[in-house]
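S.K.: Contents are mmCIF, C-alpha atoms; file name upload-v4.cif:
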```cif
data_start
loop_
_atom_site.label_atom_id
_atom_site.label_comp_id
_atom_site.auth_asym_id
_atom_site.auth_seq_id
_atom_site.Cartn_x
_atom_site.Cartn_y
_atom_site.Cartn_z
CA MET A 28 85.93 122.73 78.20
CA GLY A 29 88.85 122.61 80.62
CA LYS A 30 87.56 119.66 82.62
CA LYS A 31 90.73 117.56 82.29
CA ILE A 32 92.97 120.49 83.20
CA VAL A 33 90.93 121.24 86.30
CA PHE A 34 91.15 117.54 87.17
CA MET A 35 94.96 117.75 87.05
CA GLU A 36 94.94 120.63 89.51
CA LYS A 37 92.49 118.93 91.79
CA GLN A 38 94.20 115.56 91.70
CA LEU A 39 95.62 115.99 95.20
CA SER A 40 93.89 117.69 98.09
CA PRO A 41 95.95 120.14 100.23
CA LEU A 42 96.21 117.54 103.02
CA GLU A 43 97.30 114.82 100.58
CA ASN A 44 99.90 117.24 99.26
CA ASP A 45 101.16 118.04 102.77
CA ILE A 46 101.40 114.34 103.62
CA LEU A 47 103.32 113.58 100.41
CA GLU A 48 105.72 116.49 101.00
CA LEU A 49 106.33 115.18 104.50
CA LEU A 50 106.97 111.66 103.27
CA TRP A 51 109.40 112.89 100.65
CA LYS A 52 111.27 114.70 103.38
CA GLN A 53 111.24 111.88 105.97
CA LYS A 54 111.52 108.94 103.50
CA HIS A 55 109.21 106.79 105.66
CA ALA A 56 106.74 107.49 108.44
CA ARG A 57 103.83 106.02 110.40
CA VAL A 58 100.35 107.55 110.63
CA ARG A 59 100.98 108.80 114.17
CA GLU A 60 104.30 110.43 113.19
CA ILE A 61 102.75 112.24 110.25
CA TYR A 62 99.87 113.37 112.43
CA ASP A 63 102.25 114.68 115.12
CA THR A 64 104.39 116.56 112.57
CA LEU A 65 101.35 118.18 110.97
CA ARG A 66 100.04 119.20 114.39
CA LYS A 67 103.42 120.74 115.24
CA LYS A 68 103.10 122.80 112.06
CA LYS A 69 99.82 124.07 113.55
CA LYS A 70 97.71 122.30 110.93
CA LYS A 71 94.23 121.58 112.19
CA VAL A 72 93.97 117.93 111.36
CA ALA A 73 92.56 114.82 113.04
CA HIS A 74 94.35 111.49 113.41
CA THR A 75 91.50 109.80 111.52
CA SER A 76 91.88 112.27 108.61
CA VAL A 77 95.57 111.44 108.27
CA ALA A 78 94.74 107.71 108.22
CA VAL A 79 92.00 108.23 105.59
CA PHE A 80 94.16 110.44 103.36
CA LEU A 81 97.13 108.08 103.57
CA ASP A 82 94.84 105.25 102.48
CA ARG A 83 93.66 107.38 99.54
CA LEU A 84 97.26 108.03 98.53
CA TYR A 85 97.87 104.28 98.77
CA GLU A 86 94.87 103.60 96.53
CA LYS A 87 96.22 106.16 94.05
CA LYS A 88 99.52 104.19 94.17
CA LEU A 89 101.45 107.29 95.30
CA VAL A 90 102.62 105.68 98.54
CA LYS A 91 103.58 102.14 99.53
CA ARG A 92 103.13 100.57 102.92
CA ASP A 93 104.48 97.68 104.97
CA ILE A 94 102.95 96.15 108.06
CA GLU A 95 104.91 96.41 111.29
CA THR A 96 104.17 94.43 114.41
CA CYS A 97 103.97 96.42 117.62
CA ARG A 98 102.70 95.81 121.15
CA GLY A 99 99.31 97.32 120.34
CA GLY A 100 98.87 95.07 117.31
CA PHE A 101 99.96 96.20 113.86
CA ARG A 102 100.62 99.44 112.05
CA TYR A 103 101.64 100.62 108.63
CA MET A 104 104.97 102.13 107.70
CA TYR A 105 104.40 104.37 104.69
CA THR A 106 106.97 105.34 102.04
CA THR A 107 106.51 107.28 98.82
CA ALA A 108 106.15 105.24 95.66
CA THR A 109 107.79 107.87 93.43
CA GLU A 110 110.49 110.49 93.82
CA LYS A 111 109.29 114.08 94.11
CA GLU A 112 110.86 115.10 90.79
CA ASP A 113 109.39 112.12 88.94
CA PHE A 114 105.96 112.89 90.37
CA HIS A 115 106.11 116.55 89.31
CA LYS A 116 107.46 115.53 85.91
CA ALA A 117 104.55 113.13 85.46
CA ILE A 118 102.05 115.89 86.28
CA VAL A 119 103.66 118.31 83.81
CA GLN A 120 103.86 115.58 81.19
CA ARG A 121 100.18 114.71 81.56
CA ALA A 122 99.16 118.36 81.50
CA VAL A 123 101.22 119.15 78.40
CA ASP A 124 100.09 115.97 76.63
CA SER A 125 96.46 116.73 77.36
CA LEU A 126 96.84 120.33 76.08
CA ILE A 127 98.49 119.14 72.87
CA HIS A 128 95.86 116.44 72.45
CA ARG A 129 93.07 118.98 72.96
CA PHE A 130 94.37 122.04 71.11
CA GLY A 131 96.94 120.54 68.68
CA ASN A 132 98.97 123.13 66.74
CA THR A 133 97.65 126.06 68.77
CA ALA A 134 99.14 124.54 71.92
CA ILE A 135 102.45 123.70 70.20
CA SER A 136 102.86 127.19 68.72
CA TYR A 137 102.04 128.71 72.10
CA PHE A 138 104.68 126.54 73.79
CA ASN A 139 107.25 127.65 71.16
CA GLU A 140 106.32 131.27 71.72
CA ARG A 141 106.44 130.83 75.48
CA PHE A 142 109.79 129.03 75.50
CA SER A 143 111.45 131.57 73.18
CA ARG A 144 110.20 134.35 75.47
CA GLU A 145 111.69 132.42 78.42
CA LYS A 146 115.05 132.11 76.58
CA LYS A 147 115.16 135.83 75.90
CA VAL A 148 114.54 136.61 79.58
CA SER A 149 117.26 134.22 80.71
CA LYS A 150 119.79 135.73 78.21
CA MET B 12 73.50 55.69 94.11
CA MET B 13 75.58 56.82 91.20
CA CYS B 14 76.20 53.96 88.73
CA ILE B 15 77.61 54.15 85.20
CA THR B 16 74.39 53.01 83.50
CA CYS B 17 72.30 55.44 85.58
CA VAL B 18 74.61 58.33 84.65
CA SER B 19 74.69 57.39 80.96
CA SER B 20 70.88 57.11 80.79
CA PHE B 21 70.62 60.46 82.58
CA LEU B 22 73.04 62.06 80.11
CA HIS B 23 71.09 60.59 77.18
CA ASP B 24 68.72 63.56 77.41
CA PRO B 25 70.27 66.66 75.73
CA PHE B 26 68.32 68.91 78.11
CA ASN B 27 70.13 67.36 81.08
CA ILE B 28 73.54 67.70 79.41
CA ALA B 29 72.90 71.34 78.49
CA LEU B 30 71.75 72.17 81.99
CA ILE B 31 74.76 70.52 83.64
CA ILE B 32 77.31 72.08 81.29
CA LEU B 33 75.72 75.51 81.74
CA SER B 34 75.66 75.13 85.51
CA LEU B 35 79.29 74.00 85.78
CA ALA B 36 80.43 76.71 83.35
CA LEU B 37 78.73 79.36 85.48
CA ALA B 38 80.33 77.87 88.60
CA ILE B 39 83.79 78.08 87.03
CA ILE B 40 83.13 81.67 85.92
CA GLY B 41 82.08 82.41 89.51
CA VAL B 42 85.34 81.00 90.91
CA LEU B 43 87.44 82.93 88.38
CA LEU B 44 85.54 86.15 89.07
CA PHE B 45 85.96 85.65 92.82
CA LEU B 46 89.68 85.03 92.53
CA SER B 47 90.35 87.92 90.16
CA ALA B 48 88.08 90.60 91.63
CA ARG B 49 87.99 89.73 95.34
CA LYS B 50 90.15 92.72 96.35
CA SER B 51 87.93 95.26 94.63
CA LEU B 52 84.54 93.75 95.54
CA SER B 53 82.57 94.75 98.61
CA ASN B 54 81.83 92.09 101.23
CA GLY B 55 78.17 91.89 100.17
CA LYS B 56 79.07 91.33 96.52
CA LYS B 57 81.70 88.73 97.47
CA LEU B 58 79.15 86.86 99.55
CA GLY B 59 76.62 87.03 96.70
CA LEU B 60 79.22 85.66 94.29
CA LEU B 61 80.03 82.83 96.73
CA TYR B 62 76.35 81.86 96.98
CA CYS B 63 75.99 81.85 93.19
CA THR B 64 79.17 79.78 92.72
CA ALA B 65 78.11 77.25 95.36
CA PHE B 66 74.65 77.08 93.79
CA PHE B 67 75.97 76.30 90.30
CA PHE B 68 78.42 73.70 91.64
CA ILE B 69 75.79 71.88 93.67
CA PHE B 70 72.94 72.17 91.16
CA PRO B 71 74.03 69.32 88.76
CA PHE B 72 74.29 66.81 91.64
CA ILE B 73 70.88 67.65 93.09
CA PHE B 74 69.38 67.68 89.61
CA TYR B 75 70.82 64.23 88.90
CA PHE B 76 69.61 62.91 92.24
CA TYR B 77 66.14 64.35 91.66
CA ALA B 78 65.95 63.07 88.06
CA LYS B 79 66.82 59.54 89.21
CA THR B 80 64.53 59.44 92.21
CA CYS B 81 61.63 61.78 91.48
CA GLY B 82 59.26 58.94 90.91
CA ASN B 83 59.96 57.67 94.42
CA VAL B 84 60.52 60.86 96.40
CA LEU B 85 58.18 63.35 94.80
CA TYR B 86 55.08 63.00 92.65
CA SER B 87 55.86 65.21 89.72
CA CYS B 88 58.54 64.32 87.22
CA ASN B 89 57.96 66.91 84.53
CA ARG B 90 60.78 69.24 83.52
CA PHE B 91 59.42 72.40 85.09
CA ALA B 92 58.69 70.73 88.41
CA SER B 93 62.06 68.97 88.53
CA PHE B 94 63.81 72.24 87.70
CA MET B 95 61.91 74.12 90.41
CA TYR B 96 62.37 71.48 93.11
CA THR B 97 66.06 71.14 92.26
CA THR B 98 66.52 74.93 92.44
CA LEU B 99 64.88 75.16 95.86
CA VAL B 100 66.84 72.25 97.34
CA THR B 101 70.08 73.61 95.83
CA ILE B 102 69.50 77.02 97.46
CA GLY B 103 69.26 75.24 100.82
CA PHE B 104 72.44 73.24 100.25
CA SER B 105 74.32 76.31 98.96
CA VAL B 106 73.44 78.32 102.05
CA VAL B 107 74.78 75.57 104.32
CA ALA B 108 77.88 75.07 102.12
CA VAL B 109 78.76 78.78 102.18
CA PHE B 110 78.16 78.96 105.94
CA ILE B 111 80.62 76.10 106.46
CA ALA B 112 83.11 77.44 103.90
CA ILE B 113 83.34 81.02 105.19
CA PRO B 114 85.81 80.34 108.08
CA PHE B 115 88.08 78.38 105.71
CA ILE B 116 87.94 81.10 103.04
CA HIS B 117 88.90 83.72 105.63
CA GLY B 118 91.62 81.44 106.99
CA PHE B 119 93.20 80.96 103.56
CA SER B 120 92.91 84.59 102.45
CA SER B 121 96.34 86.07 101.72
CA ARG B 122 95.28 89.36 103.31
CA ASN B 123 94.66 87.68 106.67
CA LYS B 124 97.49 86.75 109.00
CA MET B 125 96.98 84.61 112.07
CA LEU B 126 98.42 86.10 115.26
CA PRO B 127 101.07 83.91 116.91
CA GLU B 128 100.33 82.72 120.45
CA THR B 129 103.23 84.81 121.71
CA HIS B 130 101.68 88.09 120.56
CA PRO B 131 100.62 90.38 123.46
CA ILE B 132 97.07 90.69 122.04
CA PHE B 133 96.74 86.90 121.89
CA LYS B 134 97.96 86.58 125.48
CA LYS B 135 95.40 89.15 126.61
CA MET B 136 92.57 87.44 124.74
CA GLU B 137 93.61 84.08 126.17
CA LYS B 138 93.13 85.54 129.65
CA HIS B 139 89.76 87.10 128.79
CA ALA B 140 88.51 83.94 127.08
CA ALA B 141 89.31 81.97 130.25
CA GLN B 142 87.39 84.56 132.31
CA LEU B 143 84.35 84.07 130.03
CA ALA B 144 84.72 80.26 130.06
CA LEU B 145 85.47 80.15 126.33
CA ASN B 146 88.13 78.45 124.26
CA VAL B 147 90.55 81.06 123.03
CA PRO B 148 89.54 81.99 119.46
CA ARG B 149 91.98 82.27 116.59
CA LEU B 150 92.97 85.88 115.97
CA PHE B 151 93.58 87.22 112.48
CA SER B 152 94.76 90.60 111.31
CA ILE B 153 93.51 91.83 107.94
CA ASP B 154 95.73 93.98 105.74
CA THR B 155 93.48 97.00 105.21
CA ALA B 156 93.46 100.55 106.59
CA GLU B 157 89.73 100.57 107.32
CA PRO B 158 89.08 100.06 111.05
CA ARG B 159 86.90 96.94 111.25
CA ALA B 160 86.48 93.86 113.40
CA PHE B 161 84.18 90.85 113.17
CA SER B 162 83.98 87.34 114.51
CA LEU B 163 82.86 83.91 113.37
CA SER B 164 81.59 81.63 116.08
CA HIS B 165 81.05 78.39 114.12
CA ILE B 166 83.51 75.61 113.09
CA LYS B 167 86.65 77.29 114.51
CA PRO B 168 85.74 80.45 116.43
CA SER B 169 87.85 83.34 115.15
CA ILE B 170 88.14 87.08 115.54
CA TYR B 171 89.27 89.22 112.62
CA PHE B 172 90.50 92.77 112.98
CA THR B 173 92.17 95.12 110.55
CA VAL B 174 95.57 96.82 110.74
CA GLY B 175 93.65 100.11 110.47
CA LEU B 176 91.83 99.27 113.70
CA THR B 177 94.97 98.81 115.79
CA GLU B 178 96.49 101.87 114.16
CA LEU B 179 93.59 104.17 114.92
CA LEU B 180 92.64 102.99 118.41
CA THR B 181 94.54 102.92 121.68
CA LYS B 182 95.47 99.56 123.26
CA LYS B 183 92.54 99.75 125.67
CA GLU B 184 90.11 100.58 122.85
CA VAL B 185 91.39 97.67 120.75
CA GLU B 186 90.95 95.42 123.79
CA ALA B 187 87.35 96.69 124.18
CA VAL B 188 86.58 95.94 120.52
CA LEU B 189 88.07 92.44 120.79
CA LEU B 190 86.10 91.82 124.00
CA HIS B 191 82.98 92.91 122.14
CA GLU B 192 83.77 90.30 119.46
CA LEU B 193 84.45 87.71 122.17
CA GLY B 194 80.96 88.56 123.42
CA HIS B 195 79.57 87.74 119.97
CA ILE B 196 81.36 84.38 120.04
CA LYS B 197 79.88 83.66 123.46
CA GLN B 198 76.41 84.40 122.10
CA ARG B 199 77.12 82.54 118.84
CA SER B 200 75.98 85.66 116.97
CA SER B 201 77.37 84.72 113.56
CA LEU B 202 74.58 82.15 113.14
CA MET B 203 71.93 84.81 113.77
CA THR B 204 73.61 87.37 111.49
CA PHE B 205 74.05 84.77 108.79
CA THR B 206 70.43 83.60 108.99
CA ASN B 207 69.32 87.22 108.86
CA SER B 208 71.40 88.00 105.78
CA VAL B 209 70.24 84.83 104.00
CA ILE B 210 66.58 85.55 104.66
CA ARG B 211 67.01 89.16 103.56
CA PHE B 212 68.76 87.91 100.41
CA ILE B 213 65.94 85.50 99.61
CA SER B 214 63.07 87.77 100.65
CA PRO B 215 63.50 91.57 100.47
CA ILE B 216 60.30 91.92 102.55
CA ALA B 217 62.37 90.66 105.50
CA ASN B 218 64.36 93.91 105.36
CA PHE B 219 61.57 95.64 107.23
CA ASN B 220 62.06 94.32 110.71
CA LEU B 221 63.27 90.77 110.83
CA PHE B 222 65.69 90.07 113.69
CA HIS B 223 66.48 93.79 114.12
CA ASN B 224 65.62 93.75 117.80
CA GLU B 225 67.50 90.50 118.38
CA LEU B 226 70.58 91.81 116.56
CA ASP B 227 70.45 95.09 118.50
CA GLN B 228 70.21 93.12 121.72
CA GLU B 229 73.20 90.98 120.71
CA GLU B 230 75.24 94.15 120.10
CA LYS B 231 74.25 95.46 123.53
CA ASN B 232 75.13 92.14 125.16
CA ALA B 233 78.51 92.12 123.41
CA ASP B 234 79.16 95.68 124.65
CA ALA B 235 78.13 94.57 128.14
CA ILE B 236 80.87 91.93 128.10
CA ALA B 237 83.49 94.58 127.24
CA TYR B 238 82.06 96.73 130.05
CA ALA B 239 82.05 93.85 132.57
CA VAL B 240 85.68 92.93 131.91
CA GLN B 241 87.11 96.45 131.66
CA LYS B 242 84.84 97.82 134.44
CA THR B 243 84.10 100.84 132.26
CA ASP B 244 82.36 101.54 128.96
CA LYS B 245 84.51 104.54 128.03
CA TYR B 246 86.85 102.50 125.81
CA ILE B 247 84.16 100.77 123.77
CA ILE B 248 82.33 104.11 123.37
CA SER B 249 85.44 106.01 122.27
CA ALA B 250 86.40 103.15 119.91
CA LYS B 251 82.99 103.30 118.23
CA GLU B 252 83.21 107.09 117.96
CA LYS B 253 86.64 106.95 116.31
CA ILE B 254 85.48 104.27 113.85
CA SER B 255 82.40 106.31 112.99
CA VAL B 256 84.50 109.49 112.45
CA TYR B 257 86.82 107.50 110.17
CA TYR B 258 83.96 106.38 107.92
CA GLN B 259 82.42 109.88 107.90
CA GLU B 260 85.77 111.25 106.75
CA LYS B 261 86.21 108.48 104.20
CA ASN B 262 82.76 108.99 102.67
CA ARG B 263 83.06 112.78 102.55
#
```
Output the file's structure in the form of structure tokens.
M.R.:
Amino acid sequence: MGKKIVFMEKQLSPLENDILELLWKQKHARVREIYDTLRKKKKKVAHTSVAVFLDRLYEKKLVKRDIETCRGGFRYMYTTATEKEDFHKAIVQRAVDSLIHRFGNTAISYFNERFSREKKVSK
Amino acid sequence: MMCITCVSSFLHDPFNIALIILSLALAIIGVLLFLSARKSLSNGKKLGLLYCTAFFFIFPFIFYFYAKTCGNVLYSCNRFASFMYTTLVTIGFSVVAVFIAIPFIHGFSSRNKMLPETHPIFKKMEKHAAQLALNVPRLFSIDTAEPRAFSLSHIKPSIYFTVGLTELLTKKEVEAVLLHELGHIKQRSSLMTFTNSVIRFISPIANFNLFHNELDQEEKNADAIAYAVQKTDKYIISAKEKISVYYQEKNR
């Protein structure tokens, strides 16, 4: 039943999420810099894993990259492709749309109920 | 020789026209497919598509030549025999055409950038090539995060390496990998690898053991060149380990 919903939750792995959070904070970063920051935060992660996960994020079009020339050859400079708020909004939008598509009026009436409850609490 | 009357008499047969139109149409489809899907296709599929495209481009010319000369060159002139002979000869020509075209295709690829002669890696390779009594090969970087390197030793010897390779490895490890590729150029390995892949493509039976020992030996010889120049094998070993860990992680 809830295959699509589970998919939404599993869209990003914890490491992908950490990398994206870091990129949103730093605006742009190289693989080595992201690896060093994650290590400083005591995350057990390998340099190769960071490179693989950044490439996955690139394939998912969540990050962009430019090639930089350096003495050792070339390297990528990664930046996020979307703002954090836009990304979260897109996730919520897709989740809500999929719920409405799947459960129709039941989902809509639940949202109404839920939002009115939320209003009462905030008052 | 191709003359107007010969061509018009050849095209008088609807079978010939149908075969030529079909062949050229398939060749054009092959080119369009290659251009549109080359980024998403694996190297094996791209190579297969190149062979097919070359085959369908060359086929009409060989078929024409055979149809006009079969009485002189070969005994049989019936349709089945001419079709079979033409197919076999075209496979041969296509293999040679693709072998010659590969360096140019890599050279023109938008993902590949040639390293300028002022780049530190180029300078280093220039020195190593002189040590190995080789002309300095052209160096290309490929815009992909996967750590890979390969070389082509025919037409214009070239070494290709990815951005992912220089990002993942240390300078010494990159140097070891490039020396390994220089070793392949010295041994002219691309001819052996190409022949092996062609024979395996034509005959799946060849997958069992053909050239395996020779190819293994070439790999060892290429490693030996990296070892001889760097006076240690620790860089080539650690480079291979890192590349292997990357692919394990990627395929997990």
S.K.: Taking into account all atoms listed in the file, which residue in the set B:Met125, B:Val107, B:Ile247, B:Ile236 is nearest to chain A?
M.R.: B:Met125
S.K.: Near region 248-253 of chain B, counting all atoms listed in the file, which residues have an atom at most 10 Å away, once you skip same-chain residues fewer than 2 positions from it, shown as a PyMOL selection string?
M.R.: (chain A and resi 74-75) or (chain B and resi 158+176+179-181+183-188+234+238+243-246+255-259)
S.K.: Quick one: write out the picked residues with C-alpha atoms as an mmCIF file, keeping the file's coordinate frame?
M.R.:
```
data_model
loop_
_atom_site.group_PDB
_atom_site.id
_atom_site.type_symbol
_atom_site.label_atom_id
_atom_site.label_comp_id
_atom_site.auth_asym_id
_atom_site.auth_seq_id
_atom_site.Cartn_x
_atom_site.Cartn_y
_atom_site.Cartn_z
ATOM 1 C CA HIS A 74 94.350 111.490 113.410
ATOM 2 C CA THR A 75 91.500 109.800 111.520
ATOM 3 C CA PRO B 158 89.080 100.060 111.050
ATOM 4 C CA LEU B 176 91.830 99.270 113.700
ATOM 5 C CA LEU B 179 93.590 104.170 114.920
ATOM 6 C CA LEU B 180 92.640 102.990 118.410
ATOM 7 C CA THR B 181 94.540 102.920 121.680
ATOM 8 C CA LYS B 183 92.540 99.750 125.670
ATOM 9 C CA GLU B 184 90.110 100.580 122.850
ATOM 10 C CA VAL B 185 91.390 97.670 120.750
ATOM 11 C CA GLU B 186 90.950 95.420 123.790
ATOM 12 C CA ALA B 187 87.350 96.690 124.180
ATOM 13 C CA VAL B 188 86.580 95.940 120.520
ATOM 14 C CA ASP B 234 79.160 95.680 124.650
ATOM 15 C CA TYR B 238 82.060 96.730 130.050
ATOM 16 C CA THR B 243 84.100 100.840 132.260
ATOM 17 C CA ASP B 244 82.360 101.540 128.960
ATOM 18 C CA LYS B 245 84.510 104.540 128.030
ATOM 19 C CA TYR B 246 86.850 102.500 125.810
ATOM 20 C CA SER B 255 82.400 106.310 112.990
ATOM 21 C CA VAL B 256 84.500 109.490 112.450
ATOM 22 C CA TYR B 257 86.820 107.500 110.170
ATOM 23 C CA TYR B 258 83.960 106.380 107.920
ATOM 24 C CA GLN B 259 82.420 109.880 107.900
#
```
S.K.: Kindly indicate which residue among B:Ser152, B:Pro127, B:Gly194, B:Ile170 lies nearest to chain A, using all atoms listed in the file for the distances.
M.R.: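 When distances to chain A are compared using all atoms listed in the file, the smallest one comes from B:Ser152.
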S.K.: Please determine, counting only C-alpha atoms, which residue among A:Leu47, A:Cys97, A:Val119, A:Leu42 has the shortest atom-to-atom distance to Lys71 (chain A).
M.R.: A:Leu42
S.K.: Mind running chain B against chain A at 7 Å and telling me each contacting residue's nearest atom pair with the distance in Å (one decimal), counting only C-alpha atoms, chain and number ascending, as JSON lines?
M.R.:
```
{"residue": "B:Pro131", "atom": "CA", "partner": "A:Arg98", "partner_atom": "CA", "distance": 6.3}
{"residue": "B:Ile132", "atom": "CA", "partner": "A:Gly100", "partner_atom": "CA", "distance": 6.7}
{"residue": "B:Ala156", "atom": "CA", "partner": "A:Asp82", "partner_atom": "CA", "distance": 6.4}
{"residue": "B:Val174", "atom": "CA", "partner": "A:Phe101", "partner_atom": "CA", "distance": 5.4}
{"residue": "B:Thr177", "atom": "CA", "partner": "A:Gly100", "partner_atom": "CA", "distance": 5.6}
{"residue": "B:Glu178", "atom": "CA", "partner": "A:Arg102", "partner_atom": "CA", "distance": 5.2}
{"residue": "B:Leu179", "atom": "CA", "partner": "A:Thr75", "partner_atom": "CA", "distance": 6.9}
{"residue": "B:Lys182", "atom": "CA", "partner": "A:Gly99", "partner_atom": "CA", "distance": 5.3}
{"residue": "B:Tyr257", "atom": "CA", "partner": "A:Thr75", "partner_atom": "CA", "distance": 5.4}
{"residue": "B:Glu260", "atom": "CA", "partner": "A:Ser76", "partner_atom": "CA", "distance": 6.5}
{"residue": "B:Lys261", "atom": "CA", "partner": "A:Val79", "partner_atom": "CA", "distance": 6.0}
```
S.K.: Which residue out of A:Tyr105, A:Tyr62, A:Trp51, A:Tyr137 has the minimum interatomic distance to Val123 (chain A) when all atoms listed in the file are used?
M.R.: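 Closest residue, counting all atoms listed in the file: A:Tyr137.
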S.K.: Between CA of Val147 (chain B) and CA of Lys57 (chain B), what is the distance in Å, rounded to a tenth?
M.R.: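 Calculated distance between CA of Val147 (chain B) and CA of Lys57 (chain B) is 28.1 Å.
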S.K.: Taking all atoms listed in the file into account, which of B:Thr64, B:Ser120, B:Thr80, B:Asn232 comes nearest Thr101 (chain B)?
M.R.: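 For Thr101 (chain B), the nearest of the candidates is B:Thr64.
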S.K.: I need the output of the PyMOL selection byres ((chain B and resi 145) around 12) for this file as a list of chain:residue names; which residues are they?
M.R.: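 Evaluating the PyMOL selection byres ((chain B and resi 145) around 12) on these coordinates yields B:Met136, B:Glu137, B:Lys138, B:His139, B:Ala140, B:Ala141, B:Gln142, B:Leu143, B:Ala144, B:Asn146, B:Val147, B:Pro148, B:Arg149, B:Ser164, B:Pro168, B:Ser169, B:Leu190, B:Leu193, B:Gly194, B:His195, B:Ile196, B:Lys197, B:Gln198, B:Arg199.
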S.K.: Between A:Leu126, A:Leu65, A:Ala56, A:Ala134, which has the minimum distance to Lys91 (chain A) (counting all atoms listed in the file)?
M.R.: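 Result for the nearest residue to Lys91 (chain A): A:Ala56.
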S.K.: So how many Å separate CA of Thr64 (chain A) and CA of Arg92 (chain A), to one decimal?
M.R.: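 Separation of CA of Thr64 (chain A) and CA of Arg92 (chain A): 18.7 Å.
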S.K.: Quick one: pull the distance between CA of Leu35 (chain B) and CA of Ala48 (chain B), Å, one decimal.
M.R.: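 About the pair CA of Leu35 (chain B) and CA of Ala48 (chain B): they are 19.7 Å apart.
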S.K.: Around region 114-127 of chain B, with edges along x, y and z and 4 Å added on all six sides, what centre and edge lengths do you get, in Å to one decimal, as JSON?
M.R.:
```
{"center_x": 93.4, "center_y": 83.9, "center_z": 109.3, "size_x": 23.3, "size_y": 19.0, "size_z": 23.2}
```
S.K.: Might you spell out which residues the PyMOL selection byres ((chain A and resi 107) around 10) would select in the displayed file, as a PyMOL selection string?
M.R.: chain A and resi 46-56+84-85+88-92+105-106+108-111
S.K.: Mind filling out region 52-63 of chain B with N, CA, C and O atoms and sending it as a compact mmCIF listing (two decimals), in the coordinates of the input?
M.R.:
```
# COMPACT_ATOMS: atom_id res chain seq x y z
N LEU B 52 85.97 93.91 95.25
CA LEU B 52 84.54 93.75 95.54
C LEU B 52 84.22 94.03 97.00
O LEU B 52 85.04 93.79 97.88
N SER B 53 83.01 94.54 97.23
CA SER B 53 82.57 94.75 98.61
C SER B 53 82.23 93.40 99.22
O SER B 53 82.04 92.41 98.49
N ASN B 54 82.11 93.36 100.56
CA ASN B 54 81.83 92.09 101.23
C ASN B 54 80.51 91.50 100.78
O ASN B 54 80.39 90.28 100.59
N GLY B 55 79.49 92.36 100.60
CA GLY B 55 78.17 91.89 100.17
C GLY B 55 78.23 91.23 98.81
O GLY B 55 77.65 90.16 98.59
N LYS B 56 78.96 91.87 97.88
CA LYS B 56 79.07 91.33 96.52
C LYS B 56 79.86 90.02 96.53
O LYS B 56 79.54 89.09 95.80
N LYS B 57 80.90 89.97 97.38
CA LYS B 57 81.70 88.73 97.47
C LYS B 57 80.83 87.58 97.97
O LYS B 57 80.89 86.47 97.44
N LEU B 58 80.02 87.89 98.97
CA LEU B 58 79.15 86.86 99.55
C LEU B 58 78.13 86.39 98.51
O LEU B 58 77.89 85.19 98.35
N GLY B 59 77.57 87.35 97.77
CA GLY B 59 76.62 87.03 96.70
C GLY B 59 77.25 86.12 95.66
O GLY B 59 76.66 85.14 95.21
N LEU B 60 78.50 86.45 95.30
CA LEU B 60 79.22 85.66 94.29
C LEU B 60 79.49 84.24 94.82
O LEU B 60 79.38 83.27 94.07
N LEU B 61 79.79 84.15 96.12
CA LEU B 61 80.03 82.83 96.73
C LEU B 61 78.77 81.98 96.69
O LEU B 61 78.82 80.79 96.36
N TYR B 62 77.62 82.60 97.02
CA TYR B 62 76.35 81.86 96.98
C TYR B 62 76.08 81.34 95.57
O TYR B 62 75.70 80.18 95.38
N CYS B 63 76.27 82.23 94.58
CA CYS B 63 75.99 81.85 93.19
C CYS B 63 76.90 80.70 92.76
O CYS B 63 76.46 79.72 92.16
```
